[in-house]
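J.: This is the structure I have questions about; it appears just below.
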Amino acid sequence: MAAPPPDPQFVLRGTSAAVHALHFSCGGQEPDVPILFSGSENGLINVWNLKTRRVDKALDGHGRKSVCWVETMDGKDRLLSQGRDQRICLWDLAEGRTSVMDSVFTESVGFCRCSLLKVAQGRWLMAMAAKALDEVQVLELPSKTSVCTLKPEAGAKLGMPMCLKLWQINCDSQPLLLSGYEDGSVVLWNLSMGKVLSQLFCHQEPVMSLDFDSEKAKGISGSSEKVLSIWSLNEQQNLQVHTTHRLVNAGISDITIRPDKKILATAGWDHRIRVFGWKKLKPLAVLDYHTATVHCVSFSDHKNPSERLLAAGSKDHRISIWSIYTQT
């Protein structure tokens, strides 16, 4: 018989609002304290100390509008946050500071989370939904220079971009963008030409979340349906459906592949976190702790595999922290 699923290693309480975004910063050397950033519906970003399991700082930069995305730029002293106030803030957190250094207005009214990719030392690309409903804008950071605006061809009827993933095969290759749209399709964009390389119809409903493994050229997406779609990219850069996996309950808010590409986790509308093996999508565990929709899942970036954690943020105001499959 399979072993029963574990309990959370610990639970972080005190956000007093639904949790929509999570990001770890645990890769530093001692005496650096491992950190988890969480973004909440009340507009606050909490900086959690994972040793004391308490909030070290609460950042308030989004006018009490929900925070849907948090990401660090080279360590835990520079943080990007995206809010429903149509603003992306760049925070300076070095030496105890809690100030917004810079910000970008997205002008987008949708729920699409940004995507960040480091392309060189001190240089990043950030993709975000643009003012026109079906467009995506890519900026270079920290300069905020516009790299391109990605516009679907006339009559494409993709709808709004729902999720984005910037990636590149290696540091010398062209950055590319995968975008999941309202019509259920996943599109691969070439940024330098600003044109579509491939489009794949993956879902009957809007694509809510996707992640991509550039080493295996394989990705996964979820929607409001009972299906995970697994797709691959061939050498001609055409997207192809690889397989689909039927779920017990409908609705996936978030999908993330662990950095070592061994397992992945999904955040479910059914209050559960599901863990799969990435190679064959073998179901490994159903983590049943939350009492409401799980909005986000994130794996830690610990250097030591045995210390790796999985965090999940929920509408029930809680963040569950799990230690699972650390030996694989």
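By order in the structure tokens, chains are A, B, ...; within a chain, residues start at 1; ligands start at 1, following the order shown.
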Which residues, written as a list of chain:residue names, have at least one atom at most 10 Å from A:Met160, with only C-alpha atoms counted and residues fewer than 6 positions away on the same chain left out?
T.: A:Ser108, A:Val109, A:Gly110, A:Phe111, A:Cys112, A:Ala129, A:Ala130, A:Ala132, A:Leu133, A:Asp134, A:Glu135, A:Val136, A:Ser179, A:Gly180, A:Tyr181, A:Glu182, A:Asp183, A:Pro206
J.: Using only C-alpha atoms, which protein or nucleic acid residues come within 12 Å of A:Asn234? Drop anything in the same chain fewer than 3 positions from it, and give the result as a CSV table (one decimal) with N, CA and C atoms, in the first residue's frame.
T.:
```csv
chain,number,residue,atom,x,y,z
A,188,LEU,N,4.3,30.2,-29.0
A,188,LEU,CA,5.7,30.4,-28.9
A,188,LEU,C,6.1,31.6,-29.7
A,197,LEU,N,6.2,31.8,-33.7
A,197,LEU,CA,6.9,30.6,-34.2
A,197,LEU,C,6.0,29.4,-34.3
A,198,SER,N,5.1,29.3,-33.3
A,198,SER,CA,4.2,28.1,-33.3
A,198,SER,C,3.0,28.4,-32.4
A,214,SER,N,13.3,23.8,-20.4
A,214,SER,CA,14.0,24.1,-21.7
A,214,SER,C,15.0,23.0,-22.0
A,216,LYS,N,14.5,19.6,-21.6
A,216,LYS,CA,13.8,18.6,-22.3
A,216,LYS,C,12.9,19.1,-23.4
A,217,ALA,N,12.8,20.4,-23.5
A,217,ALA,CA,11.9,21.1,-24.5
A,217,ALA,C,10.5,20.6,-24.4
A,218,LYS,N,10.1,20.5,-23.1
A,218,LYS,CA,8.7,20.0,-22.8
A,218,LYS,C,8.1,20.9,-21.8
A,219,GLY,N,6.8,21.1,-22.0
A,219,GLY,CA,6.1,22.0,-21.1
A,219,GLY,C,4.7,21.4,-20.6
A,231,TRP,N,3.1,19.2,-23.5
A,231,TRP,CA,3.4,19.4,-24.9
A,231,TRP,C,4.9,19.6,-25.0
A,237,GLN,N,11.1,24.0,-33.9
A,237,GLN,CA,10.4,25.0,-33.0
A,237,GLN,C,8.9,25.0,-33.2
A,238,ASN,N,8.3,23.8,-33.5
A,238,ASN,CA,6.9,23.6,-33.5
A,238,ASN,C,6.4,23.0,-32.2
A,239,LEU,N,5.3,23.5,-31.7
A,239,LEU,CA,4.7,22.9,-30.5
A,239,LEU,C,3.9,21.7,-30.9
A,240,GLN,N,3.9,20.6,-30.1
A,240,GLN,CA,3.1,19.4,-30.4
A,240,GLN,C,2.6,18.9,-29.1
A,241,VAL,N,1.3,18.4,-29.1
A,241,VAL,CA,0.8,17.8,-27.9
A,241,VAL,C,1.5,16.5,-27.6
A,242,HIS,N,2.0,16.3,-26.4
A,242,HIS,CA,2.8,15.1,-26.0
A,242,HIS,C,1.8,14.1,-25.4
```
J.: Contacts of stretch 265-269 of chain A at 7 Å or less, counting only C-alpha atoms, minus same-chain residues fewer than 5 places along, as a PyMOL selection string?
T.: chain A and resi 251-257+274-276+293-297
J.: Go through A:Ala18, A:Ala250, A:Val104, A:Met193 and flag the residue nearest A:Ser224, using only C-alpha atoms for the distances.
T.: A:Ala250
J.: Would you write out, as a tab-separated table, a table of all residues in stretch 42-73 of chain A that have an atom no more than 10 Å from an atom of stretch 83-96 of chain A, listing for each the closest atom pair and the distance in Å to one decimal, considering only C-alpha atoms and ordering rows by chain and rising residue number?
T.:
```
residue	atom	partner	partner_atom	distance
A:Gly43	CA	A:Gly83	CA	7.2
A:Leu44	CA	A:Gly83	CA	9.5
A:Asp56	CA	A:Gly96	CA	9.9
A:Lys57	CA	A:Gly96	CA	9.0
A:Leu59	CA	A:Trp91	CA	9.0
A:Gly61	CA	A:Cys89	CA	7.3
A:His62	CA	A:Gly83	CA	5.8
A:Gly63	CA	A:Asp85	CA	6.9
A:Arg64	CA	A:Asp85	CA	8.3
A:Lys65	CA	A:Arg84	CA	5.3
A:Ser66	CA	A:Arg84	CA	5.3
A:Val67	CA	A:Gly83	CA	4.2
A:Cys68	CA	A:Gly83	CA	5.8
A:Trp69	CA	A:Gly83	CA	7.3
A:Val70	CA	A:Gly83	CA	9.3
A:Glu71	CA	A:Leu90	CA	9.7
A:Thr72	CA	A:Leu90	CA	9.2
A:Met73	CA	A:Leu90	CA	9.3
```
J.: Running DSSP on the backbone, which parts of stretch 74-190 of chain A land in strand (DSSP E), as a PyMOL selection string?
T.: chain A and resi 78-83+87-92+99-105+115-120+123-129+136-141+145-150+161-167+176-181+185-190
J.: Return the single residue from A:Gln168, A:Ser99, A:Gln9, A:Ser81 that is closest to A:Ser38, with distances computed using only C-alpha atoms.
T.: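 Smallest distance to A:Ser38 is found for A:Ser81.
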J.: Which residues, written as a PyMOL selection string, have at least one atom at most 8 Å from A:Gln137, with only C-alpha atoms counted and residues fewer than 2 positions away on the same chain left out?
T.: chain A and resi 127-130+135+139+146-150
